[in-house]
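Have a look at my_file07.pdb; it's PDB, C-alpha atoms:
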```pdb
ATOM      1  CA  MET A   1      11.788 -29.829 -38.231  1.00  0.00           C
ATOM      2  CA  ARG A   2      11.525 -29.556 -34.460  1.00  0.00           C
ATOM      3  CA  GLU A   3      13.830 -26.540 -34.517  1.00  0.00           C
ATOM      4  CA  LEU A   4      11.662 -24.770 -37.088  1.00  0.00           C
ATOM      5  CA  VAL A   5       8.486 -25.118 -35.019  1.00  0.00           C
ATOM      6  CA  GLU A   6      10.352 -24.074 -31.883  1.00  0.00           C
ATOM      7  CA  TYR A   7      11.775 -20.979 -33.612  1.00  0.00           C
ATOM      8  CA  ILE A   8       8.365 -19.883 -34.900  1.00  0.00           C
ATOM      9  CA  ALA A   9       6.667 -20.423 -31.532  1.00  0.00           C
ATOM     10  CA  LYS A  10       9.366 -18.621 -29.535  1.00  0.00           C
ATOM     11  CA  ASN A  11       8.931 -15.536 -31.705  1.00  0.00           C
ATOM     12  CA  LEU A  12       5.163 -15.504 -31.144  1.00  0.00           C
ATOM     13  CA  VAL A  13       4.919 -15.847 -27.360  1.00  0.00           C
ATOM     14  CA  ASP A  14       5.697 -13.638 -24.348  1.00  0.00           C
ATOM     15  CA  GLU A  15       7.482 -16.449 -22.471  1.00  0.00           C
ATOM     16  CA  PRO A  16       9.870 -18.059 -24.979  1.00  0.00           C
ATOM     17  CA  ASP A  17      11.575 -20.099 -22.245  1.00  0.00           C
ATOM     18  CA  SER A  18       8.411 -22.125 -21.729  1.00  0.00           C
ATOM     19  CA  VAL A  19       8.207 -23.297 -25.358  1.00  0.00           C
ATOM     20  CA  ARG A  20       8.829 -27.041 -25.713  1.00  0.00           C
ATOM     21  CA  VAL A  21       8.628 -29.138 -28.862  1.00  0.00           C
ATOM     22  CA  THR A  22       8.833 -32.900 -28.571  1.00  0.00           C
ATOM     23  CA  GLU A  23       9.029 -35.239 -31.523  1.00  0.00           C
ATOM     24  CA  ARG A  24       7.757 -38.777 -31.594  1.00  0.00           C
ATOM     25  CA  GLU A  25       7.659 -41.203 -34.461  1.00  0.00           C
ATOM     26  CA  GLU A  26       4.715 -43.317 -35.456  1.00  0.00           C
ATOM     27  CA  GLU A  27       4.315 -45.751 -38.302  1.00  0.00           C
ATOM     28  CA  HIS A  28       3.509 -43.279 -41.085  1.00  0.00           C
ATOM     29  CA  ALA A  29       4.231 -39.897 -39.499  1.00  0.00           C
ATOM     30  CA  PHE A  30       6.299 -37.802 -37.140  1.00  0.00           C
ATOM     31  CA  ILE A  31       4.263 -36.024 -34.456  1.00  0.00           C
ATOM     32  CA  LEU A  32       5.582 -32.665 -33.245  1.00  0.00           C
ATOM     33  CA  GLU A  33       3.962 -31.690 -29.932  1.00  0.00           C
ATOM     34  CA  LEU A  34       4.174 -27.977 -29.167  1.00  0.00           C
ATOM     35  CA  THR A  35       3.760 -26.939 -25.538  1.00  0.00           C
ATOM     36  CA  VAL A  36       3.639 -23.294 -24.411  1.00  0.00           C
ATOM     37  CA  ALA A  37       2.678 -21.398 -21.261  1.00  0.00           C
ATOM     38  CA  PRO A  38      -1.095 -21.267 -20.650  1.00  0.00           C
ATOM     39  CA  ASP A  39      -1.132 -17.479 -21.109  1.00  0.00           C
ATOM     40  CA  ASP A  40       0.521 -17.818 -24.526  1.00  0.00           C
ATOM     41  CA  MET A  41      -1.812 -20.499 -25.872  1.00  0.00           C
ATOM     42  CA  GLY A  42      -4.012 -17.949 -27.637  1.00  0.00           C
ATOM     43  CA  LYS A  43      -1.031 -16.395 -29.387  1.00  0.00           C
ATOM     44  CA  VAL A  44       0.033 -19.732 -30.830  1.00  0.00           C
ATOM     45  CA  ILE A  45      -3.476 -20.734 -31.895  1.00  0.00           C
ATOM     46  CA  GLY A  46      -4.651 -17.325 -33.136  1.00  0.00           C
ATOM     47  CA  LYS A  47      -8.137 -16.200 -34.041  1.00  0.00           C
ATOM     48  CA  GLN A  48     -10.103 -19.162 -35.374  1.00  0.00           C
ATOM     49  CA  GLY A  49      -6.876 -21.188 -35.446  1.00  0.00           C
ATOM     50  CA  ARG A  50      -5.231 -19.138 -38.179  1.00  0.00           C
ATOM     51  CA  ILE A  51      -1.754 -19.044 -36.603  1.00  0.00           C
ATOM     52  CA  ALA A  52      -1.836 -22.782 -35.858  1.00  0.00           C
ATOM     53  CA  LYS A  53      -2.904 -23.467 -39.432  1.00  0.00           C
ATOM     54  CA  ALA A  54      -0.080 -21.268 -40.744  1.00  0.00           C
ATOM     55  CA  ILE A  55       2.483 -23.153 -38.632  1.00  0.00           C
ATOM     56  CA  ARG A  56       1.168 -26.454 -39.993  1.00  0.00           C
ATOM     57  CA  THR A  57       1.321 -25.103 -43.563  1.00  0.00           C
ATOM     58  CA  VAL A  58       4.962 -24.035 -43.155  1.00  0.00           C
ATOM     59  CA  VAL A  59       5.887 -27.466 -41.770  1.00  0.00           C
ATOM     60  CA  LYS A  60       4.040 -29.205 -44.592  1.00  0.00           C
ATOM     61  CA  ALA A  61       5.818 -27.069 -47.201  1.00  0.00           C
ATOM     62  CA  ALA A  62       9.212 -27.711 -45.617  1.00  0.00           C
ATOM     63  CA  THR A  63       8.694 -31.481 -45.614  1.00  0.00           C
ATOM     64  CA  THR A  64       7.210 -32.105 -49.048  1.00  0.00           C
ATOM     65  CA  LYS A  65      10.111 -34.344 -50.085  1.00  0.00           C
ATOM     66  CA  SER A  66      10.127 -36.309 -46.847  1.00  0.00           C
ATOM     67  CA  PRO A  67       8.839 -39.887 -47.093  1.00  0.00           C
ATOM     68  CA  LYS A  68       6.951 -39.483 -43.805  1.00  0.00           C
ATOM     69  CA  LYS A  69       4.310 -36.945 -42.924  1.00  0.00           C
ATOM     70  CA  TYR A  70       4.831 -34.362 -40.160  1.00  0.00           C
ATOM     71  CA  ILE A  71       1.909 -33.474 -37.889  1.00  0.00           C
ATOM     72  CA  VAL A  72       1.963 -30.491 -35.520  1.00  0.00           C
ATOM     73  CA  GLU A  73      -0.125 -30.808 -32.356  1.00  0.00           C
ATOM     74  CA  ILE A  74      -0.531 -27.982 -29.870  1.00  0.00           C
ATOM     75  CA  VAL A  75      -0.775 -29.420 -26.368  1.00  0.00           C
TER
END
```

Go through the file and emit its structure as structure tokens.
Amino acid sequence: MRELVEYIAKNLVDEPDSVRVTEREEEHAFILELTVAPDDMGKVIGKQGRIAKAIRTVVKAATTKSPKKYIVEIV
């Protein structure tokens, strides 16, 4: 799932080399932390958070059969 978020983010930003996705596991969920360059933050979040919400929706749809929940956080 980390690769999917990284692929989407790299295609949205101007500096794809600065995109980092780290994955950590908690008791009931996997947390995917997306980090981008400060200038690209607006491109990943979008107007009123629409792009961020779309990324989260894609991840949720891709992991429907997974026993654990995936959460995308933009750092």

Tell me, as a list in words, which residues lie within 8 Å of Arg2 of chain A, counting all atoms listed in the file; anything in the same chain fewer than 6 positions away does not count.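 Near Arg2 of chain A, the qualifying residues are Val21, Thr22, Glu23 and Leu32 of chain A.
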
Store the residues of this selection in a file with C-alpha atoms, as a PDB file, in the coordinates of the input.
```pdb
ATOM      1  CA  VAL A  21       8.628 -29.138 -28.862  1.00  0.00           C
ATOM      2  CA  THR A  22       8.833 -32.900 -28.571  1.00  0.00           C
ATOM      3  CA  GLU A  23       9.029 -35.239 -31.523  1.00  0.00           C
ATOM      4  CA  LEU A  32       5.582 -32.665 -33.245  1.00  0.00           C
TER       5      LEU A  32
END
```

Please enumerate the residues selected by the PyMOL selection byres ((chain A and resi 68-71) around 9) when evaluated against the supplied file, formatted as a ChimeraX atom specification. /A:1,27-33,56,59-60,63-67,72-73

Written selection (C-alpha atoms) as a PDB file, in the frame of the given file:
```pdb
ATOM      1  CA  MET A   1      11.788 -29.829 -38.231  1.00  0.00           C
ATOM      2  CA  GLU A  27       4.315 -45.751 -38.302  1.00  0.00           C
ATOM      3  CA  HIS A  28       3.509 -43.279 -41.085  1.00  0.00           C
ATOM      4  CA  ALA A  29       4.231 -39.897 -39.499  1.00  0.00           C
ATOM      5  CA  PHE A  30       6.299 -37.802 -37.140  1.00  0.00           C
ATOM      6  CA  ILE A  31       4.263 -36.024 -34.456  1.00  0.00           C
ATOM      7  CA  LEU A  32       5.582 -32.665 -33.245  1.00  0.00           C
ATOM      8  CA  GLU A  33       3.962 -31.690 -29.932  1.00  0.00           C
ATOM      9  CA  ARG A  56       1.168 -26.454 -39.993  1.00  0.00           C
ATOM     10  CA  VAL A  59       5.887 -27.466 -41.770  1.00  0.00           C
ATOM     11  CA  LYS A  60       4.040 -29.205 -44.592  1.00  0.00           C
ATOM     12  CA  THR A  63       8.694 -31.481 -45.614  1.00  0.00           C
ATOM     13  CA  THR A  64       7.210 -32.105 -49.048  1.00  0.00           C
ATOM     14  CA  LYS A  65      10.111 -34.344 -50.085  1.00  0.00           C
ATOM     15  CA  SER A  66      10.127 -36.309 -46.847  1.00  0.00           C
ATOM     16  CA  PRO A  67       8.839 -39.887 -47.093  1.00  0.00           C
ATOM     17  CA  VAL A  72       1.963 -30.491 -35.520  1.00  0.00           C
ATOM     18  CA  GLU A  73      -0.125 -30.808 -32.356  1.00  0.00           C
TER      19      GLU A  73
END
```

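What separates atom CA of Ile45 of chain A from atom CA of Val19 of chain A is a distance of 13.6 Å.
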
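Atom CA of Val5 of chain A sits 15.3 Å away from atom CA of Arg50 of chain A.
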
Apply the PyMOL selection byres ((chain A and resi 36) around 8) to the structure shown and report the selected residues as a ChimeraX atom specification. /A:18-20,34-35,37-38,40-41,75

Between atom CA of Glu26 of chain A and atom CA of Lys43 of chain A - distance in Å to one decimal: 28.2 Å

For segment 65-72 of chain A, what centre and edge lengths in Å (one decimal) does the axis-aligned box get once 8 Å is added on each side of all its listed atoms, as lines of an AutoDock Vina configuration file?
```
center_x = 6.0
center_y = -35.2
center_z = -42.8
size_x = 24.2
size_y = 25.4
size_z = 30.6
```

With distances taken over all atoms listed in the file, which of A:Arg24, A:Ala61, A:Ile55, A:Lys47 is nearest to Glu6 of chain A?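 Closest candidate: A:Ile55.
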
Minimum-distance residue to Glu15 of chain A, chosen among A:Val44, A:Ile74, A:Val58, A:Gly49 (using only C-alpha atoms):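 When distances to Glu15 of chain A are compared using only C-alpha atoms, the smallest one comes from A:Val44.
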
File output for segment 57-71 of chain A (all heavy atoms) as a PDB file, in the first residue's frame:
```pdb
ATOM      1  N   THR A  57      -9.539   7.749  -0.062  1.00  0.00           N
ATOM      2  CA  THR A  57     -10.593   6.907  -0.625  1.00  0.00           C
ATOM      3  C   THR A  57     -10.005   5.780  -1.470  1.00  0.00           C
ATOM      4  O   THR A  57     -10.464   4.634  -1.392  1.00  0.00           O
ATOM      5  CB  THR A  57     -11.555   7.758  -1.479  1.00  0.00           C
ATOM      6  OG1 THR A  57     -12.110   8.788  -0.652  1.00  0.00           O
ATOM      7  CG2 THR A  57     -12.676   6.923  -2.054  1.00  0.00           C
ATOM      8  N   VAL A  58      -8.986   6.077  -2.262  1.00  0.00           N
ATOM      9  CA  VAL A  58      -8.333   5.051  -3.076  1.00  0.00           C
ATOM     10  C   VAL A  58      -7.696   3.994  -2.186  1.00  0.00           C
ATOM     11  O   VAL A  58      -7.818   2.792  -2.440  1.00  0.00           O
ATOM     12  CB  VAL A  58      -7.284   5.685  -4.022  1.00  0.00           C
ATOM     13  CG1 VAL A  58      -6.403   4.637  -4.659  1.00  0.00           C
ATOM     14  CG2 VAL A  58      -7.979   6.519  -5.083  1.00  0.00           C
ATOM     15  N   VAL A  59      -7.025   4.421  -1.124  1.00  0.00           N
ATOM     16  CA  VAL A  59      -6.390   3.473  -0.199  1.00  0.00           C
ATOM     17  C   VAL A  59      -7.451   2.617   0.483  1.00  0.00           C
ATOM     18  O   VAL A  59      -7.294   1.400   0.613  1.00  0.00           O
ATOM     19  CB  VAL A  59      -5.517   4.222   0.832  1.00  0.00           C
ATOM     20  CG1 VAL A  59      -5.073   3.289   1.936  1.00  0.00           C
ATOM     21  CG2 VAL A  59      -4.316   4.837   0.148  1.00  0.00           C
ATOM     22  N   LYS A  60      -8.535   3.233   0.892  1.00  0.00           N
ATOM     23  CA  LYS A  60      -9.607   2.484   1.553  1.00  0.00           C
ATOM     24  C   LYS A  60     -10.208   1.443   0.611  1.00  0.00           C
ATOM     25  O   LYS A  60     -10.478   0.314   1.005  1.00  0.00           O
ATOM     26  CB  LYS A  60     -10.686   3.443   2.039  1.00  0.00           C
ATOM     27  CG  LYS A  60     -11.764   2.782   2.849  1.00  0.00           C
ATOM     28  CD  LYS A  60     -12.755   3.790   3.390  1.00  0.00           C
ATOM     29  CE  LYS A  60     -13.830   3.090   4.190  1.00  0.00           C
ATOM     30  NZ  LYS A  60     -14.819   4.034   4.716  1.00  0.00           N
ATOM     31  N   ALA A  61     -10.408   1.828  -0.657  1.00  0.00           N
ATOM     32  CA  ALA A  61     -10.966   0.893  -1.632  1.00  0.00           C
ATOM     33  C   ALA A  61     -10.003  -0.249  -1.931  1.00  0.00           C
ATOM     34  O   ALA A  61     -10.432  -1.392  -2.148  1.00  0.00           O
ATOM     35  CB  ALA A  61     -11.311   1.632  -2.919  1.00  0.00           C
ATOM     36  N   ALA A  62      -8.724   0.030  -1.940  1.00  0.00           N
ATOM     37  CA  ALA A  62      -7.725  -0.996  -2.238  1.00  0.00           C
ATOM     38  C   ALA A  62      -7.519  -1.975  -1.082  1.00  0.00           C
ATOM     39  O   ALA A  62      -6.979  -3.059  -1.278  1.00  0.00           O
ATOM     40  CB  ALA A  62      -6.398  -0.339  -2.600  1.00  0.00           C
ATOM     41  N   THR A  63      -7.943  -1.590   0.112  1.00  0.00           N
ATOM     42  CA  THR A  63      -7.696  -2.432   1.286  1.00  0.00           C
ATOM     43  C   THR A  63      -8.977  -2.934   1.930  1.00  0.00           C
ATOM     44  O   THR A  63      -8.987  -3.238   3.122  1.00  0.00           O
ATOM     45  CB  THR A  63      -6.876  -1.666   2.331  1.00  0.00           C
ATOM     46  OG1 THR A  63      -7.620  -0.511   2.733  1.00  0.00           O
ATOM     47  CG2 THR A  63      -5.532  -1.266   1.795  1.00  0.00           C
ATOM     48  N   THR A  64     -10.042  -3.043   1.178  1.00  0.00           N
ATOM     49  CA  THR A  64     -11.313  -3.461   1.777  1.00  0.00           C
ATOM     50  C   THR A  64     -11.263  -4.869   2.349  1.00  0.00           C
ATOM     51  O   THR A  64     -11.939  -5.160   3.329  1.00  0.00           O
ATOM     52  CB  THR A  64     -12.457  -3.386   0.750  1.00  0.00           C
ATOM     53  OG1 THR A  64     -12.101  -4.143  -0.393  1.00  0.00           O
ATOM     54  CG2 THR A  64     -12.750  -1.965   0.366  1.00  0.00           C
ATOM     55  N   LYS A  65     -10.452  -5.739   1.765  1.00  0.00           N
ATOM     56  CA  LYS A  65     -10.387  -7.126   2.245  1.00  0.00           C
ATOM     57  C   LYS A  65      -9.309  -7.333   3.304  1.00  0.00           C
ATOM     58  O   LYS A  65      -9.149  -8.434   3.809  1.00  0.00           O
ATOM     59  CB  LYS A  65     -10.167  -8.060   1.074  1.00  0.00           C
ATOM     60  CG  LYS A  65     -11.317  -8.012   0.105  1.00  0.00           C
ATOM     61  CD  LYS A  65     -11.288  -9.133  -0.863  1.00  0.00           C
ATOM     62  CE  LYS A  65     -12.468  -8.939  -1.792  1.00  0.00           C
ATOM     63  NZ  LYS A  65     -13.040 -10.168  -2.219  1.00  0.00           N
ATOM     64  N   SER A  66      -8.585  -6.289   3.621  1.00  0.00           N
ATOM     65  CA  SER A  66      -7.529  -6.397   4.623  1.00  0.00           C
ATOM     66  C   SER A  66      -8.145  -6.441   6.023  1.00  0.00           C
ATOM     67  O   SER A  66      -9.095  -5.717   6.307  1.00  0.00           O
ATOM     68  CB  SER A  66      -6.586  -5.194   4.509  1.00  0.00           C
ATOM     69  OG  SER A  66      -5.644  -5.229   5.539  1.00  0.00           O
ATOM     70  N   PRO A  67      -7.601  -7.269   6.905  1.00  0.00           N
ATOM     71  CA  PRO A  67      -8.149  -7.324   8.267  1.00  0.00           C
ATOM     72  C   PRO A  67      -7.876  -6.056   9.079  1.00  0.00           C
ATOM     73  O   PRO A  67      -8.617  -5.748  10.002  1.00  0.00           O
ATOM     74  CB  PRO A  67      -7.451  -8.538   8.889  1.00  0.00           C
ATOM     75  CG  PRO A  67      -6.212  -8.701   8.088  1.00  0.00           C
ATOM     76  CD  PRO A  67      -6.527  -8.211   6.705  1.00  0.00           C
ATOM     77  N   LYS A  68      -6.818  -5.324   8.721  1.00  0.00           N
ATOM     78  CA  LYS A  68      -6.498  -4.087   9.420  1.00  0.00           C
ATOM     79  C   LYS A  68      -6.839  -2.880   8.552  1.00  0.00           C
ATOM     80  O   LYS A  68      -6.833  -2.951   7.337  1.00  0.00           O
ATOM     81  CB  LYS A  68      -5.016  -4.033   9.783  1.00  0.00           C
ATOM     82  CG  LYS A  68      -4.643  -4.916  10.948  1.00  0.00           C
ATOM     83  CD  LYS A  68      -3.295  -4.568  11.453  1.00  0.00           C
ATOM     84  CE  LYS A  68      -2.977  -5.361  12.718  1.00  0.00           C
ATOM     85  NZ  LYS A  68      -1.725  -4.961  13.294  1.00  0.00           N
ATOM     86  N   LYS A  69      -7.092  -1.787   9.210  1.00  0.00           N
ATOM     87  CA  LYS A  69      -7.435  -0.545   8.544  1.00  0.00           C
ATOM     88  C   LYS A  69      -6.164   0.221   8.168  1.00  0.00           C
ATOM     89  O   LYS A  69      -5.175   0.161   8.884  1.00  0.00           O
ATOM     90  CB  LYS A  69      -8.268   0.275   9.530  1.00  0.00           C
ATOM     91  CG  LYS A  69      -8.824   1.555   9.038  1.00  0.00           C
ATOM     92  CD  LYS A  69      -9.699   2.137  10.144  1.00  0.00           C
ATOM     93  CE  LYS A  69     -10.031   3.562   9.881  1.00  0.00           C
ATOM     94  NZ  LYS A  69     -10.794   4.155  10.979  1.00  0.00           N
ATOM     95  N   TYR A  70      -6.192   0.926   7.037  1.00  0.00           N
ATOM     96  CA  TYR A  70      -5.068   1.757   6.625  1.00  0.00           C
ATOM     97  C   TYR A  70      -5.481   3.216   6.780  1.00  0.00           C
ATOM     98  O   TYR A  70      -6.545   3.605   6.317  1.00  0.00           O
ATOM     99  CB  TYR A  70      -4.680   1.485   5.166  1.00  0.00           C
ATOM    100  CG  TYR A  70      -3.808   0.277   4.988  1.00  0.00           C
ATOM    101  CD1 TYR A  70      -4.346  -0.994   4.960  1.00  0.00           C
ATOM    102  CD2 TYR A  70      -2.431   0.399   4.863  1.00  0.00           C
ATOM    103  CE1 TYR A  70      -3.561  -2.113   4.796  1.00  0.00           C
ATOM    104  CE2 TYR A  70      -1.622  -0.708   4.689  1.00  0.00           C
ATOM    105  CZ  TYR A  70      -2.197  -1.955   4.657  1.00  0.00           C
ATOM    106  OH  TYR A  70      -1.404  -3.069   4.494  1.00  0.00           O
ATOM    107  N   ILE A  71      -4.618   4.009   7.380  1.00  0.00           N
ATOM    108  CA  ILE A  71      -4.870   5.430   7.601  1.00  0.00           C
ATOM    109  C   ILE A  71      -3.753   6.217   6.941  1.00  0.00           C
ATOM    110  O   ILE A  71      -2.577   5.934   7.166  1.00  0.00           O
ATOM    111  CB  ILE A  71      -4.941   5.758   9.108  1.00  0.00           C
ATOM    112  CG1 ILE A  71      -6.059   4.957   9.759  1.00  0.00           C
ATOM    113  CG2 ILE A  71      -5.124   7.245   9.327  1.00  0.00           C
ATOM    114  CD1 ILE A  71      -6.057   5.005  11.273  1.00  0.00           C
TER     115      ILE A  71
END
```
